[in-house]
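Trainee: Dropping the structure in here first, questions after.
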There are 4 protein chains.
Amino acid sequence: MTMMTAEQYEESLRKLKLAVYMLGRRVENPVDDPIIRPSMKAVAMTYELAQRPELEEIMTATSHISGRKINRFTHIHQSTGDLLKKSKMGRLLGRETGCCFQRCVGMDALNAVSIVSHNIDAKWGTEYNKRFLKYLEYVQEHDLTVDGAMTDTKGDRSLPPHKQPDPDAFLRVVERRKDGIVVRGAKAHQTGAVNSHEILVMPTLSMREEDREYALCFALPSDAEGILYIIGRQSCDTRKSEGGMLDQGNLLFGGHEALVVFEDVFVPWERVFMCGEFEFTGELVEKFAAYHRQSYACKVGVGDVLIGAAQIAAEYNGVDKASHVKDKIIEMNHLNETLYCGCLACASEGNREQSGTYCVDILLANVHKQNVTRFPYEIARLAQDIAGGLMVTMPSEKDLRSPKTGILIEKYLRAKSDVPTEHRLRILRLIENLTLGSAAVGYLTESMHGAGSPQAQRIMISRMADLEEKQRAAKRLVGLGDESPVK
Amino acid sequence: MTMMTAEQYEESLRKLKLAVYMLGRRVENPVDDPIIRPSMKAVAMTYELAQRPELEEIMTATSHISGRKINRFTHIHQSTGDLLKKSKMGRLLGRETGCCFQRCVGMDALNAVSIVSHNIDAKWGTEYNKRFLKYLEYVQEHDLTVDGAMTDTKGDRSLPPHKQPDPDAFLRVVERRKDGIVVRGAKAHQTGAVNSHEILVMPTLSMREEDREYALCFALPSDAEGILYIIGRQSCDTRKSEGGMLDQGNLLFGGHEALVVFEDVFVPWERVFMCGEFEFTGELVEKFAAYHRQSYACKVGVGDVLIGAAQIAAEYNGVDKASHVKDKIIEMNHLNETLYCGCLACASEGNREQSGTYCVDILLANVHKQNVTRFPYEIARLAQDIAGGLMVTMPSEKDLRSPKTGILIEKYLRAKSDVPTEHRLRILRLIENLTLGSAAVGYLTESMHGAGSPQAQRIMISRMADLEEKQRAAKRLVGLGDESPVK
Amino acid sequence: MTMMTAEQYEESLRKLKLAVYMLGRRVENPVDDPIIRPSMKAVAMTYELAQRPELEEIMTATSHISGRKINRFTHIHQSTGDLLKKSKMGRLLGRETGCCFQRCVGMDALNAVSIVSHNIDAKWGTEYNKRFLKYLEYVQEHDLTVDGAMTDTKGDRSLPPHKQPDPDAFLRVVERRKDGIVVRGAKAHQTGAVNSHEILVMPTLSMREEDREYALCFALPSDAEGILYIIGRQSCDTRKSEGGMLDQGNLLFGGHEALVVFEDVFVPWERVFMCGEFEFTGELVEKFAAYHRQSYACKVGVGDVLIGAAQIAAEYNGVDKASHVKDKIIEMNHLNETLYCGCLACASEGNREQSGTYCVDILLANVHKQNVTRFPYEIARLAQDIAGGLMVTMPSEKDLRSPKTGILIEKYLRAKSDVPTEHRLRILRLIENLTLGSAAVGYLTESMHGAGSPQAQRIMISRMADLEEKQRAAKRLVGLGDESPVK
Amino acid sequence: MTMMTAEQYEESLRKLKLAVYMLGRRVENPVDDPIIRPSMKAVAMTYELAQRPELEEIMTATSHISGRKINRFTHIHQSTGDLLKKSKMGRLLGRETGCCFQRCVGMDALNAVSIVSHNIDAKWGTEYNKRFLKYLEYVQEHDLTVDGAMTDTKGDRSLPPHKQPDPDAFLRVVERRKDGIVVRGAKAHQTGAVNSHEILVMPTLSMREEDREYALCFALPSDAEGILYIIGRQSCDTRKSEGGMLDQGNLLFGGHEALVVFEDVFVPWERVFMCGEFEFTGELVEKFAAYHRQSYACKVGVGDVLIGAAQIAAEYNGVDKASHVKDKIIEMNHLNETLYCGCLACASEGNREQSGTYCVDILLANVHKQNVTRFPYEIARLAQDIAGGLMVTMPSEKDLRSPKTGILIEKYLRAKSDVPTEHRLRILRLIENLTLGSAAVGYLTESMHGAGSPQAQRIMISRMADLEEKQRAAKRLVGLGDESPVK
C-alpha cells in the first residue's frame with residue numbers, strides 16, 4: 001500500500017493514542033469531536049482527491065525512491081514541473097475545502113530536510129540523509145500525514161535561545177543517550193497537529209555555536225510518549241458543536257492549530273536528522289520557509305471559494321448586474337490571480353539542489369508570500385462589501401427553525417423571490433466564516449503569519465534582490481558605469 | 001430630571017416589556033442576559049460619562065427648547081460647535097467602550113426629523129414639526145435612548161416598494177384610523193434596539209407617488225404592542241455566556257443588532273411625523289445619512305483602542321522597538337487620524353437649516369464615511385500583523401485554568417519575563433475581539449455598511465462634487481474659458 | 001496703501017535688482033522672461049483675487065496691528081476662523097492657477113516667527129518680537145510677497161551643522177557687527193524666490209548649543225547685496241519659451257524654485273529675529289512646518305483642475321458615460337476631498353499661542369500633509385488613465401500648425417465630431433502638464449517633499465499621537481486598567 | 001545572414017526613405033536626429049545583446065522554419081520555455097536601456113498573426129498562413145525590426161468603424177485591385193515606428209460584418225509610398241537636443257511614438273494576411289493583446305534601473321541606512337518582482353495553439369498587465385520620496401558649467417563629501433527622467449495604456465475568470481451543491 005483512501009486515513013487516526021486537550025478537558029476521541037472533526041475531514045480530502053483518476057497528475061507523483069505512485073504530499077520534488085503541480089494542488093485543495101487542509105507543512109518539511117541533511121553529510125560525513133531517506137520511504141509507503149513543526153514559543157524575542165530565562169523557550173536536547181536523545185520544549189501554532197501520524201521537528205531560526213543544543217531536527221510518531229497537544233481556540237469554534245446546518249458556515253471542513261508540548265520525549269538516533277550542526281539551521285529555516293511560502297497557493301483556492309460565495313450573494317440579493325458589484329468581483333479575481341502568479345512563478349524558476357531535490361526560487365517565493373499577507377484581507381473586505389450587512393446581523397439557525405420567529409425570518413429576509421431565504425443565509429454564513437469566523441483564522445491571520453510574518457519576507461527580499469546589479473545598470477545610463485558585465 | 005445616571009438607565013430598561021428572541025428562545029430578561037448585557041453596559045456609558053464634570057462640555061448640551069442641561073445624545077445641534085462636539089463625543093465613547101455604543105442613531109434620527117418635519121410643514125401646512133418638538137421635549141426630559149430605525153428588509157432590490165411580491169418588504173401603513181395608523185413591516189440591522197426606550201422610524205429610500213403608503217415617519221415606545229425583536233448572531237457571541245475573564249476579549253462592553261418586526265402596530269397621530277409625503281423621503285434619508293455618516297467618528301475611538309492594544313502587544317512581545325513595528329503603529333495612527341479629520345471637517349463646514357438645526361456638510365460627511373469603509377480594515381490588518389499568530393492559536397481560558405495544561409501554557413506562552421502570561425493573552429484576545437470577534441462586527445462590517453454601503457456614498461460624492469466648477473477652472477487655463485465667475 | 005493690484009505688484013517687481021541666473025545665463029529681466037513670467041503671474045493672482053468683492057472674506061483680513069484691511073497672505077491668524085479661511089484661500093488659488101502660487105510660504109513664516117519671537121522674548125527678555133511686529137507692519141502696509149526660506153543645503157545628512165566639512169552647508173553668522181550680522185550659506189528649493197520682495201530666513205532643524213551660529217532668523221529685501229538666485233530646471237520648462245498656445249499645457253501660470261545663495265550678506269539688527277537661541281530652533285521649525293503642511297490645501301485646488309480636465313477629456317473622448325470612468329472621477333473627488341478634510345480639520349482644531357497667534361493642530365496638520373504625499377499621485381494616475389495614451393504621443397503644436405501635417409492631425413486626432421481637435425489636444429496637454437510636465441513638479445514632487453518629506457511627518461505623528469491614552473483605554477477593557485482618568 | 005550587429009542595423013536604417021515629421025519640420029535623417037537617435041540606440045541594443053555569447057540563450061532562438069539561429073524578436077514561440085525566455089529578454093533589455101526598446105510589438109504581432117492566419121485558413125481554405133510564413137522567413141532571414149501596428153485613431157468612441165462620420169477613423173481598404181489592395185487611415189501611438197524596417201498592420205477591435213472593409217491585416221516596408229510619420233512630443237524631449245551630459249537623465253537611450261498615416265498605400269496580395277474575415281478580428285486582437293501584455297516584462301527591467309537609481313541616490317545623500325529608506329527600497333523591489341511573477345506565470349502556463357505557436361495564458365497575461373498599470377506609479381512615487389526635492393529644483397547643466405554659478409552649485413549641492421556633486425545630480429536627473437521626463441512616458445503612461453488600457457484588461461479578467469467553478473465550490477461547502485465534477 002502506498003496510498004490510503006480517506007476512510008483508511010480516518011481509521012488510521014483512530015489507532016493513535018494522542019494526548020489532546022481542548023476547552024479545559026482531555027479529548028479522548030479527536031476524530032469524532034465535533035470541533036476537531038471538520039479539520040480531519042479537510043486532511044482526508046488530500047487522500048480522497050488523490051484517488052480520482054482525473055486529478056492523478058496533480059495529486060500524485062512517482063516516488064524517486066521506490067518508483068511507485070505516491071501521494072504528492074509525500075513526494076520530493078524532482079523538477080520544476082513537480083513544483084508547478086504542487087502550486088496547483090494547493091489551489092485545488094483550498095478551493096475544495098475552503099479552509100486550511102494542513103498537510104502541506106509536512107511536505108515542505110520533508111523537502112527541506114532532504115536538501116539540508118544531504119548538505120550536512122557533505123560537510124561533516126554524517127549519515128543524516130541516509131536516515132532521512134529511510135524515514136521518507138516509510139512515510140511514502142504508508143502515505144502518512146506529517147506535521148512539520150518549526151515555530152518555537154520563543155520567550156523573550158530579544159534574546160537568543162541559550163540566553164532565555166527559561167531554557168525551554170526553544171525546544172532542546174536535555175539528554176544524549178546511546179540509543180537517542182531526550183528533548184524538551186514546545187512548538188506553537190501547529191496546524192493539523194492532531195490529524196497527523198508523524199511530527200517532523202525543525203529549528204526555528206538561524207543559530208550560533210552557543211545554541212548548539214537547540215540545533216535539532218528529528219521525527220517522531222505523533223503519539224510518542226510525552227507529547228501533548230493543546231488545541232487553540234478559533235473564532236466561532238463552538239458553533240461547530242451546536243449542531244445544525246447553517247451557523248458554522250462551512251458545513252464540511254475546518255482547520256485547527258495546537259500548541260505541541262514535548263515533555264522529555266525520547267527520539268531514537270535513526271530519527272534524528274540534525275543534532276548540533278548549528279551552522280545549517282539558517283539554511284534549513286530558509287529552505288523550509290521558501291517551500292512553505294509557495295504553499296500559500298492554497299489561499300488562491302480559498303479565495304476562489306470566497307469569490308464564488310460573493311458572486312452568489314450578489315445574485316441572491318439581486319445586485320449582480322450592478323456595475324460596481326461586477327467591478328468588485330473583477331478586482332477580487334485580479335488580486336486572487338496575482339497571488340496565483342506568485343506561486344507559479346517561484347515554481348517555474350525553481351532550481352535543483354545538490355541533493356537532487358528541486359527548490360523554488362527563494363526571492364519570488366518570498367514576494368508571493370508577502371502579497372498573501374495583503375490581498376486576502378482586501379478580497380475579504382470586498383466580499384463583505386458585496387455580502388451586505390445582513391451577514392453579521394442575521395438571526396441564528398435556531399431562530400430560523402423556531403416556529404414563532406422562523407416564519408418572520410423567512411418572510412422578511414427573503415430577497416429575490418425565487419431564492420429560498422435559507423439559501424441566502426447559508427451563503428452569507430459562509431462569507432462570515434471566511435472573513436470573521438473560524439476560516440478567517442486560516443484565510444486572514446494565517447496568511448499574515450504562517451510561514452513567517454511579513455517582516456521575515458521583507459528581510460529575505462532585501463537579501464535576495466540584487467541591488468548591485470540594479471545600481472550598475474543605473475550608473476551605466478548616466479555615464480558613471482564601469483564595464484562590469486551584464487548578468 | 002433631565003439626565004439619568006447609568007444605574008437609572010439600567011433600571012428604566014428593566015421596566016420595559018420587550019418581546020426579545022435570541023438563539024431560538026424568548027429572552028425574558030435582556031438586561032441580565034450575558035450576551036446582551038455588555039451591549040446595555042455600552043449604552044450606559046453614554047449616561048455615565050455625561051455625569052462627569054470634566055466631560056460636561058462634550059457630553060452635554062443646553063436644550064434649545066427647555067434651556068436645561070441635557071445629554072448631547074438628545075440634543076438638536078444649534079451650531080457648528082455642537083457638530084464638532086458630537087464628533088468628539090463619538091470618538092470618546094468609541095475609545096471608552098471599544099465597541100458600538102448604539103445611541104448615536106437616535107440622535108441622528110431626531111436631528112434629521114427636526115429638519116424635514118419643518119420643511120414638510122412649510123410646504124403643506126401640516127403640523128408634523130410641532131408634534132415632533134413635543135416628542136423631542138419628552139425624550140430630552142426623560143433622557144431616553146432612541147433607536148433610529150431606517151433600513152427596511154427590502155425584498156427584491158430591483159423593485160420599488162409598491163411592486164414587491166410581498167408588500168411588507170418595506171414597512172407600510174396597513175390601516176388609517178381616526179386616532180392613528182396601523183403599520184406592518186420590519187426594520188433590519190437595528191443597532192441597540194433592545195437597549196432603547198423608543199423607536200423612531202424613518203423611510204429607507206427616496207420614494208415616488210406610488211409608494212405613498214411607505215412614506216412614513218413615526219415614533220413608538222420600544223415595548224409597544226406588536227413589536228418583536230430577533231437578535232442577530234455575532235461572531236463569537238456565545239463566548240460571552242461561557243463565563244471567565246479572557247476569551248471574550250472586551251470584558252466590559254459589546255454591541256448588538258436586531259431584526260425589529262412590526263406586526264400591525266398602532267401609532268397615535270401625535271407620534272406620526274410623516275405620512276404619505278413621499279417627496280420628502282429623499283431629503284429625510286439624505287439628512288439622516290449625512291448625520292449618521294459623521295457619527296462614524298466613533299470608529300476613530302475604537303481605532304484608538306486597537307492601536308493601544310497593538311502597542312501593548314508589541315511591548316509584551318518585546319518587539320516594540322523594532323522599526324517596522326513603530327512604522328506600523330504610525331501608519332495605524334495616521335489612518336485613524338485621517339478619519340478623525342473627516343468627521344471634524346464635515347462638522348466644521350456645517351450649515352444652518354431652515355428649522356434652525358445645524359447639519360453637517362453633506363459632501364464631506366460622505367467622503368468621511370467612504371474612508372471608514374476602508375481604513376479600519378487596514379488598521380485591523382496591521383494590528384493582526386503586530387499581534388502575531390498566537391492571537392488565533394492560543395488555548396482557551398479553561399485550558400489556562402486547568403491544572404494539567406495551565407502550567408504548560410503559563411510556561412510556554414510567556415514572552416517577556418516580567419509580563420504575566422495571562423496579561424499577554426488578554427491583550428491578544430482583545431485584538432481578536434476587534435478584528436475577528438464580536439467587536440469586528442462593529443469595527444469592520446458595520447463600518448462598511450452602517451449608515452449606507454460604500455456605493456451609497458459614492459453616488460452622493462458624484463452628486464455633490466461640483467464638476468462644472470472644476471471644468472470651468474481647467475478650461476480657463478487652456479484658453480477655452482468663458483467668463484463665468486469664480487465660485 | 002495696504003493692498004496692491006496685480007499690475008502694481010508686477011511694477012513693484014520691476015524695481016528690484018535681483019541677481020538671477022538660469023540655464024547658464026544671467027536673467028536681466030525676470031518679470032518678462034518667458035520661463036519665469038508664468039510664475040510671477042501666479043503670485044499676481046494672490047493680489048488680483050483680493051480685489052474682488054465676492055472673495056473679500058476669504059482673500060483679505062483685518063490687521064490685528066493696524067486694524068486695516070490687508071491681504072490675508074500678510075495676516076497673523078487671530079482665530080480658528082482665520083485658519084479655516086486660510087485653507088479655503090489655498091484651495092481657491094490652487095484651482096484658479098493650476099499650479100504653485102508661491103506666496104503661502106511667507107505667510108506661514110510670518111505666523112511661525114510671530115509665535116517664537118514672542119516666546120524667546122518671554123524667556124530671555126530680548127526684543128525680537130517687537131522688531132518682528134515692526135517688520136510685519138511694513139510687510140502689511142506695502143502688501144509684500146515674502147519668501148519664507150527654511151531649507152538649508154545640508155551637506156552630509158549624517159552630520160549636524162557644526163560638524164560639516166563645509167561649515168557653510170547650513171546658513172550661518174560669519175561676523176557679528178555693531179549694526180548687524182553678516183551671513184553666509186544657501187537655501188535650497190526656494191519657491192517663488194524671484195517673485196518676492198522679501199526673504200524671511202529661518203533655521204532648518206532643531207539645533208544644540210554647538211550649532212549656535214546656525215540658530216538664525218532674519219529678514220532681508222530680496223535684492224540685498226550678496227544674494228544670488230539660481231533657478232531650478234523643471235520638467236518641460238523650455239516649452240514655455242517656444243511660443244504657441246498648446247504644448248505648455250497651462251497657458252497662464254506656472255511656478256519656480258531657486259537655489260538662493262547668501263554670499264556674506266549684511267543684516268541689520270532690526271531685521272534679526274533670532275540669533276543664537278538654539279533651544280528655540282525646534283519650535284520654530286515645528287510651528288512653521290505645521291502651518292506649511294496645512295498650506296497644502298492648495299493641492300486640493302490643483303486637484304480640482306486635474307479632475308475637471310479629466311472629466312473634459314472623458315467628454316471629448318466620448319467615454320464620460322462609461323461606468324468605470326464615472327467611478328474613477330468619483331475616486332479622484334473622494335481622494336481630493338479627503339485632503340480637504342485634513343486641511344480644514346487641523347484649522348478647526350487650532351489653538352491660541354502665547355503671542356495671540358492661532359496655530360493649527362500639529363498632529364492633524366502632519367496627518368494632512370502625509371496624505372498629500374500620497375493622494376495626488378493616485379489622482380494623477382487616474383487622470384492619466386482617463387486621458388488615454390494620446391496625452392504622451394500627440395504631435396507638437398508646430399506640427400498642428402504646419403500645412404502638411406496639420407490637416408492630418410486635424411483629421412485623425414478628432415474624437416467626437418463636434419469637438420475641435422485642438423480643444424481635445426489642449427486639455428490633454430494640461431493633464432500632461434499636471435502629471436508629467438512643469439506643474440507636476442508642484443503637484444507631485446513638491447507634494448512629496450514640500451513642508452517636509454513624508455518621514456518628517458511620520459516622526460511628528462509618532463510624537464503627537466497619545467499612545468499612553470490609547471493603551472490605558474485598551475487595558476481597561478481587559479481588566480488591566482488602573483484608574484487613571486479619561487482625557 | 002540571419003542576425004545583424006548593432007552597426008549593421010543602424011546602417012540598414014539609413015537606407016530607408018521615411019517621411020518623418022517632428023516639431024513642425026520634415027526630419028531628413030532620423031538616425032542622426034538628436035531627439036530620435038536615442039530611441040534608435042535602444043532598438044540597436046536588441047541586436048547588440050544578441051551577439052553576446054553569455055546572453056545567447058535568452059536573446060536568440062532556433063527558427064522553426066529555417067532551423068537557423070535567429071534573434072528571438074523574430075521568433076515564433078515553440079514552447080513554454082520560449083515564452084519564459086521572452087519574459088526574461090524583456091526584463092534584461094528594460095534594465096539595460098532604461099526605456100522602451102520598441103521591438104517587442106513586432107514580435108508579438110508576428111506570433112499573433114501566425115496563429116490567426118492559420119485559423120482563418122482552416123475555416124475558409126485561404127492561404128494567409130502560407131503567405132505569412134514566407135513573410136516571416138524574410139523577416140527572420142534579414143533580422144528585421146517590425147512595427148506591429150494595431151491602434152486606430154478611432155474617432156467617436158461610441159460608434160463602430162462603419163458608422164464613423166469620417167470613414168477613415170479606422171484604417172480600411174479603399175480599393176481592391178488584382179495585384180493587391182489600397183488602404184487609407186492611420187495608426188496612433190506607434191512605438192519605435194521610424195526605427196522599423198517593416199510595419200505589420202492589424203485591426204484594432206472585434207468587428208462585425210458591416211465593418212468588413214476594416215478587417216485587415218497586412219505588412220509593408222516602413223518606407224512604402226504614402227506612409228508618413230508624425231513623431232509625438234514627449235515630456236522633456238528637447239533636452240536631448242540641448243547637448244550636454246546631464247539634463248536628459250538617460251544619456252544613452254530613449255523611445256518614441258509616432259502617428260503613422262497611410263495615404264492610399266498599395267499592399268500587394270502576398271503581404272495581406274486578412275482581408276474581410278471580420279469574425280477573426282476579435283481573436284487577433286485578443287491574441288496580440290495577450291502577448292503584448294506579457295511583453296510588459298520590460299517594465300520590470302526599467303523598474304530595476306529606477307530601484308538602482310533610488311538606492312544610489314540614497315547612498316549619495318547619506319541616508320541609505322535609515323530604516324524607512326531601506327523599507328521603501330524593499331517595497332519597490334517587492335512590487336517590481338510581483339510584476340515579474342506575472343509575466344513568468346502567464347508564460348509558464350502557456351498553451352500550444354493549432355498553428356503550433358505557443359500562446360501565453362490569457363487570464364494571467366491580463367492580470368499581469370493590470371498590475372503594470374498600477375505598480376510602476378507606486379515605484380515611481382517611492383523613488384521620488386527617496387530622491388528628495390532636489391530632483392526637481394536643481395539648476396541646469398549649463399549653470400553647473402558656468403563659471404559664476406558652477407562653483408556655487410558645486411559647493412552647495414554637495415552632500416556626502418566623497419561623492420562629486422555632479423554624480424549626485426546625474427542620478428537625480430535619471431530619476432526625473434524615469435518619473436517625470438521622457439522615460440516616464442514609457443514607464444508610466446505607456447504602462448497604463450500600452451497593450452490596452454486598464455479597463456480592457458478588466459473586461460478580459462471578467463470573461464476569463466471561471467466564476468461558475470468558484471460558485472460550485474462555494475455551494476458545495478454550504479450544502480447547496482449539485483454533483484458537478486471538480487475541474
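Labeling convention for the C-alpha cells: chains A, B, ... as they appear, residues from 1 per chain, ligands from 1 in order of appearance.
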Could you pull out the helix (DSSP H, G or I) residues of region 293-420 of chain B, going by DSSP on the backbone, and write them as an MDAnalysis selection string?

Mentor: chainID B and resid 293:317 323:348 362:372 375:387 390:393 397:401 403:412

Trainee: Write out as CSV the residues of region 311-417 of chain A that have any atom within 7 Å of an atom of region 442-455 of chain B, one row each with the nearest atom pair and its distance in Å to one decimal, counting only C-alpha atoms, sorted by chain and then rising number.

Mentor:
residue,atom,partner,partner_atom,distance
A:Gln384,CA,B:Thr445,CA,6.7
A:Asp385,CA,B:Met448,CA,6.4
A:Gly388,CA,B:His449,CA,6.6
A:Gly389,CA,B:His449,CA,5.6

Trainee: Counting only C-alpha atoms, which residues of chain D fall within 9 Å of chain B, and what is the closest atom pair for each with its distance in Å at one decimal, ordered by chain and rising number, as JSON lines?

Mentor:
{"residue": "D:Ser323", "atom": "CA", "partner": "B:Ser323", "partner_atom": "CA", "distance": 6.7}
{"residue": "D:His324", "atom": "CA", "partner": "B:Ser323", "partner_atom": "CA", "distance": 8.1}
{"residue": "D:Asp327", "atom": "CA", "partner": "B:His324", "partner_atom": "CA", "distance": 8.3}

Trainee: Please save all heavy atoms of the selected residues as a tab-separated table (two decimals), in the first residue's frame.

Mentor:
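Contents of again.tsv, as written:
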chain	number	residue	atom	x	y	z
D	323	SER	N	16.10	53.30	8.35
D	323	SER	CA	15.22	52.13	8.21
D	323	SER	C	14.06	52.41	7.25
D	323	SER	O	13.64	51.54	6.51
D	323	SER	CB	14.71	51.66	9.57
D	323	SER	OG	13.86	52.64	10.12
D	324	HIS	N	13.57	53.63	7.24
D	324	HIS	CA	12.44	53.90	6.33
D	324	HIS	C	12.91	53.87	4.88
D	324	HIS	O	12.15	53.48	3.98
D	324	HIS	CB	11.74	55.22	6.67
D	324	HIS	CG	12.47	56.46	6.27
D	324	HIS	ND1	12.23	57.11	5.08
D	324	HIS	CD2	13.45	57.17	6.88
D	324	HIS	CE1	13.01	58.17	4.99
D	324	HIS	NE2	13.76	58.23	6.06
D	327	ASP	N	13.26	50.25	3.93
D	327	ASP	CA	11.94	49.65	3.75
D	327	ASP	C	11.31	50.07	2.43
D	327	ASP	O	10.61	49.28	1.79
D	327	ASP	CB	11.03	50.05	4.92
D	327	ASP	CG	9.84	49.12	5.02
D	327	ASP	OD1	10.07	47.92	5.22
D	327	ASP	OD2	8.70	49.59	4.87

Trainee: Mind checking which residues fall within 12 Å of Ala347 (chain A), counting only C-alpha atoms, ignoring those fewer than 6 positions away in the same chain, and posting them as a ChimeraX atom specification?

Mentor: /A:77-88,290-295,297,340-341,358-366,368 /D:341,344-345,348-349

Trainee: Can you pull out every residue within 12 Å of Met464 (chain B), counting only C-alpha atoms, but drop anything in the same chain fewer than 3 positions away, and send it as a list of chain:residue names?

Mentor: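 Non-adjacent residues within range: B:Glu286, B:Asp361, B:Ile362, B:Leu363, B:Leu364, B:Ala365, B:Asn366, B:Val367, B:Gln457, B:Arg458, B:Ile459, B:Met460, B:Ile461, B:Leu467, B:Glu468, B:Glu469, C:Ile330, C:Asn333, C:His334, C:Glu337.
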
Trainee: Can you check which residues of region 284-475 of chain C DSSP gives as strand (DSSP E or B) on the backbone and send them as a list of chain:residue names?

Mentor: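 Those in region 284-475 of chain C that DSSP calls strand (DSSP E or B) are C:Asn351, C:Arg352, C:Tyr358, C:Cys359.
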
Trainee: Rounded to one decimal in Å, what is the spacing between CA of Lys328 (chain A) and CA of Cys100 (chain A)?

Mentor: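 Separation between CA of Lys328 (chain A) and CA of Cys100 (chain A): 24.9 Å.
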
Trainee: For Cys217 (chain B), please output as a ChimeraX atom specification all residues within 9 Å (counting only C-alpha atoms; exclusion window: fewer than 4 positions along the same chain).

Mentor: /B:113,200-203,271-275

Trainee: Any idea what's packed within 9 Å of Pro160 (chain C), counting only C-alpha atoms, ignoring anything in its chain fewer than 3 positions away? Could you give it as a CSV table (one decimal) with N, CA, C and O atoms, in the first residue's frame?

Mentor:
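To be explicit, this is the file written out as part-v2.csv:
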chain,number,residue,atom,x,y,z
C,154,LYS,N,22.4,71.5,3.5
C,154,LYS,CA,22.5,70.3,4.5
C,154,LYS,C,23.8,69.5,4.3
C,154,LYS,O,24.1,68.7,5.2
C,156,ASP,N,26.4,66.7,4.3
C,156,ASP,CA,26.3,65.3,4.7
C,156,ASP,C,25.1,65.2,5.7
C,156,ASP,O,25.2,65.7,6.8
C,157,ARG,N,24.1,64.5,5.3
C,157,ARG,CA,22.9,64.3,6.2
C,157,ARG,C,23.2,63.7,7.5
C,157,ARG,O,22.3,63.8,8.4
C,163,LYS,N,29.5,70.2,12.4
C,163,LYS,CA,30.5,69.2,12.1
C,163,LYS,C,30.6,69.0,10.6
C,163,LYS,O,31.3,68.1,10.2
C,164,GLN,N,29.9,69.8,9.8
C,164,GLN,CA,30.0,69.6,8.4
C,164,GLN,C,31.4,69.9,7.9
C,164,GLN,O,32.1,70.9,8.4
C,207,MET,N,18.3,72.5,16.8
C,207,MET,CA,19.8,72.5,17.0
C,207,MET,C,20.2,72.4,18.5
C,207,MET,O,19.4,72.7,19.4
C,208,ARG,N,21.5,72.1,18.7
C,208,ARG,CA,22.0,72.1,20.0
C,208,ARG,C,23.0,73.3,20.2
C,208,ARG,O,23.3,74.0,19.2
C,211,ASP,N,25.6,74.4,17.7
C,211,ASP,CA,25.2,74.9,16.4
C,211,ASP,C,24.7,76.3,16.5
C,211,ASP,O,24.0,76.8,15.7

Trainee: Taking 2 positions as the minimum chain separation for residues in the same chain, which residues sit within 9 Å of region 309-313 of chain A when counting only C-alpha atoms? Answer as a ChimeraX atom specification.

Mentor: /A:304-307,315-320,325-326,329,382-384,386-388,424,427-428,430-431 /D:467,470-471,473-475

Trainee: One decimal, Å: what's the distance from CA of Ala193 (chain B) over to CA of His256 (chain B), could you say?

Mentor: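 Rounded to one decimal, the two atoms are 7.9 Å apart.
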
Trainee: Taking into account only C-alpha atoms, which residue in the set A:Thr191, A:Ala19, A:Pro268, A:Pro167 is nearest to Ser222 (chain A)?

Mentor: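 Ranked by minimum distance to Ser222 (chain A), first place goes to A:Ala19.
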
Trainee: Which residue out of C:Leu434, C:Ile409, C:Val105, C:Ile230 has the minimum interatomic distance to Ala169 (chain D) when only C-alpha atoms are used?

Mentor: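 Distance minimum relative to Ala169 (chain D) lands on C:Ile409.
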